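Structure first, then comments.
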Amino acid sequence: MKKIFQYLVVASLFISCQEDVKFNTPALQGMKDDVIWRAINAKATLDANGGLAIIGNTSNEKLTLKTNATIPQTYFLGTSDSKKVIFEKVDNGETITFSTGFGIGDGQIIITEYDMINNTVSGTFKFNAENSYNNPMAGPVLRFQQGVFYKVPVTSSALIN
């Protein structure tokens with residue numbers, strides 16, 4: 001009886017030592033003001049001029065990362081309006097907007113892979129975006145660090161309309 005009990009204990013240990021692996025593909029996430037932020041949905045669109053917009057949203061927030069090309073390289077923010085970030089949050093029915101642009105905010109979007117066969121884009125980002133309309137319901141700057149987008153599906157904006 002003692003051996004049966006030992007076998008049951010050992011068997012239960014092996015059964016309980018399983019890992020539940022959860023894949024997050026596609027993914028768009030980062031540290032928003034030192035708190036993990038993860039998009040529920042992520043997609044990317046190509047415009048007619050070859051610009052790329054990577055868009056992720058939660059139930060009340062939307063993050064848009066824009067570059068003027070799909071070439072794997074670093075796109076510096078705060079240097080033009082064709083490379084920028086827009087973050088919108090709806091709070092009590094009011095939209096709070098943070099953005100970068102020419103002379104506004106700073107940061108970078110790094111495209112590490114643009115897969116033309118599978119139509120996906122991957123890379124990293126970080127930025128400091130300014131409160132666009134000085135909304136008193138939010139601070140003056142929104143900071144994202146350690147941002148990652150991974151295998152986000154890309155479609156042409158002409159196909160979306």
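Every chain in the structure tokens takes a letter, A first, then B, and so on in the order presented; its residues are numbered from 1, and the ligands are numbered from 1 following the presented order.
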
Surrounding residues of region 81-97 of chain A excluding itself and chain neighbours under 6 positions, 10 Å, only C-alpha atoms, as an MDAnalysis selection string: chainID A and resid 51:69 75 103:109 125:138 142

Could you save the residues just selected, with C-alpha atoms, as a tab-separated table (two decimals), in the first residue's frame?
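Saved file selection_12.tsv follows:
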chain	number	residue	atom	x	y	z
A	51	GLY	CA	4.49	54.78	-45.96
A	52	LEU	CA	3.67	52.34	-43.18
A	53	ALA	CA	1.24	52.74	-40.27
A	54	ILE	CA	1.34	50.14	-37.49
A	55	ILE	CA	-1.82	50.32	-35.38
A	56	GLY	CA	-2.65	48.67	-32.09
A	57	ASN	CA	-5.56	49.21	-29.78
A	58	THR	CA	-7.01	48.25	-26.43
A	59	SER	CA	-10.61	48.83	-25.37
A	60	ASN	CA	-10.05	52.59	-24.90
A	61	GLU	CA	-6.59	53.33	-26.36
A	62	LYS	CA	-5.05	53.43	-29.83
A	63	LEU	CA	-1.36	53.55	-30.73
A	64	THR	CA	-0.24	54.43	-34.27
A	65	LEU	CA	3.39	54.21	-35.36
A	66	LYS	CA	4.07	55.85	-38.75
A	67	THR	CA	7.13	55.61	-40.99
A	68	ASN	CA	7.67	56.92	-44.50
A	69	ALA	CA	8.97	53.55	-45.81
A	75	TYR	CA	13.27	55.99	-38.19
A	103	GLY	CA	10.13	69.38	-33.52
A	104	ILE	CA	7.65	67.61	-31.20
A	105	GLY	CA	8.74	64.74	-28.96
A	106	ASP	CA	11.47	62.25	-29.75
A	107	GLY	CA	12.22	58.56	-30.08
A	108	GLN	CA	12.63	55.95	-32.75
A	109	ILE	CA	10.89	53.20	-34.66
A	125	PHE	CA	10.14	51.36	-30.75
A	126	LYS	CA	10.49	53.90	-27.97
A	127	PHE	CA	9.29	57.47	-27.75
A	128	ASN	CA	8.34	60.50	-25.70
A	129	ALA	CA	5.15	62.03	-27.10
A	130	GLU	CA	3.69	65.39	-26.08
A	131	ASN	CA	0.15	66.07	-24.89
A	132	SER	CA	-1.18	67.48	-28.19
A	133	TYR	CA	-3.83	69.81	-26.81
A	134	ASN	CA	-2.44	70.35	-23.29
A	135	ASN	CA	-5.34	68.34	-21.93
A	136	PRO	CA	-5.38	68.81	-18.12
A	137	MET	CA	-6.65	65.22	-17.66
A	138	ALA	CA	-3.17	63.90	-18.55
A	142	LEU	CA	3.71	60.09	-22.51

Excluding Pro26 (chain A) and residues on its chain fewer than 3 positions from it, collect all residues at most 10 Å away from it, counting only C-alpha atoms, and give them as a PDB file with C-alpha atoms, in the first residue's frame.
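Contents of selection-v5.pdb, as written:
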ATOM      1  CA  PHE A  23       1.734  32.615 -28.266  1.00  0.00           C
ATOM      2  CA  ALA A  39      -2.558  45.851 -27.831  1.00  0.00           C
ATOM      3  CA  ILE A  40      -5.566  43.568 -28.163  1.00  0.00           C
ATOM      4  CA  ASN A  41      -5.469  43.941 -31.953  1.00  0.00           C
ATOM      5  CA  ALA A  42      -2.520  44.856 -34.167  1.00  0.00           C
ATOM      6  CA  LYS A  43      -2.404  45.570 -37.885  1.00  0.00           C
ATOM      7  CA  THR A 120       4.258  41.080 -41.958  1.00  0.00           C
ATOM      8  CA  VAL A 121       6.433  43.644 -40.208  1.00  0.00           C
ATOM      9  CA  SER A 122       8.522  43.336 -37.021  1.00  0.00           C
ATOM     10  CA  PHE A 149       5.862  44.845 -32.763  1.00  0.00           C
ATOM     11  CA  TYR A 150       6.170  41.295 -34.058  1.00  0.00           C
ATOM     12  CA  LYS A 151       4.806  39.797 -37.265  1.00  0.00           C
ATOM     13  CA  VAL A 152       2.060  42.399 -37.545  1.00  0.00           C
ATOM     14  CA  PRO A 153       0.059  41.729 -40.745  1.00  0.00           C
TER      15      PRO A 153
END

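Using only C-alpha atoms, the nearest neighbour of Leu46 (chain A) within the list A:Gly101, A:Ile117, A:Gly139, A:Thr70 is A:Thr70.
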
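What separates CA of Val154 (chain A) from CA of Asn118 (chain A) is a distance of 8.7 Å.
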
Distance query Thr112 (chain A) at most 9 Å, only C-alpha atoms, self and fewer than 4 positions along chain excluded, as a PyMOL selection string: chain A and resi 71-74+121-124

The selected residues should be written to file as an mmCIF file, in the first residue's frame (atoms: C-alpha atoms).
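Contents of the output file out-v9.cif:
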data_model
loop_
_atom_site.group_PDB
_atom_site.id
_atom_site.type_symbol
_atom_site.label_atom_id
_atom_site.label_comp_id
_atom_site.auth_asym_id
_atom_site.auth_seq_id
_atom_site.Cartn_x
_atom_site.Cartn_y
_atom_site.Cartn_z
ATOM 1 C CA ILE A 71 12.926 49.503 -45.303
ATOM 2 C CA PRO A 72 14.478 47.791 -42.259
ATOM 3 C CA GLN A 73 16.254 50.711 -40.585
ATOM 4 C CA THR A 74 15.883 53.240 -37.749
ATOM 5 C CA VAL A 121 6.433 43.644 -40.208
ATOM 6 C CA SER A 122 8.522 43.336 -37.021
ATOM 7 C CA GLY A 123 10.633 45.740 -35.019
ATOM 8 C CA THR A 124 11.021 47.849 -31.897
#

Enumerate as a PyMOL selection string all residues of region 8-160 of chain A assigned to strand (DSSP E) by DSSP on the backbone, naming them with the chain letters and numbers the document uses. chain A and resi 27-32+35-38+41-46+52-57+61-67+74-77+84-91+94-99+106-115+120-131+141-156

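Between Gly147 (chain A) and the residues A:Ile110, A:Ala44, A:Met116, A:Leu77, the shortest atom-to-atom distance, using only C-alpha atoms, involves A:Ile110.
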
So the first atom is CA of Val35 (chain A) and the second is CA of Pro140 (chain A); what is the distance between them in Å, to one decimal place? 17.3 Å

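Between CA of Asp33 (chain A) and CA of Phe144 (chain A) the interatomic distance comes to 6.1 Å.
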
Find the spatial neighbours of Asp34 (chain A), counting only C-alpha atoms, within a cut-off of 10 Å - ignore same-chain residues fewer than 4 positions away - and output them as a VMD selection string. chain A and resid 30 143 to 146

Could you write out that same residue set with N, CA and C atoms as a compact mmCIF listing (two decimals), in the first residue's frame?
# COMPACT_ATOMS: atom_id res chain seq x y z
N GLY A 30 4.57 47.33 -25.15
CA GLY A 30 5.69 48.11 -24.63
C GLY A 30 5.41 48.54 -23.21
N ARG A 143 5.46 58.45 -22.15
CA ARG A 143 6.72 57.78 -22.44
C ARG A 143 6.48 56.29 -22.68
N PHE A 144 6.93 55.81 -23.81
CA PHE A 144 6.92 54.37 -24.13
C PHE A 144 8.36 53.91 -24.24
N GLN A 145 8.69 52.79 -23.59
CA GLN A 145 10.01 52.19 -23.67
C GLN A 145 9.84 50.70 -23.98
N GLN A 146 10.89 50.07 -24.45
CA GLN A 146 10.93 48.63 -24.71
C GLN A 146 9.74 48.17 -25.57
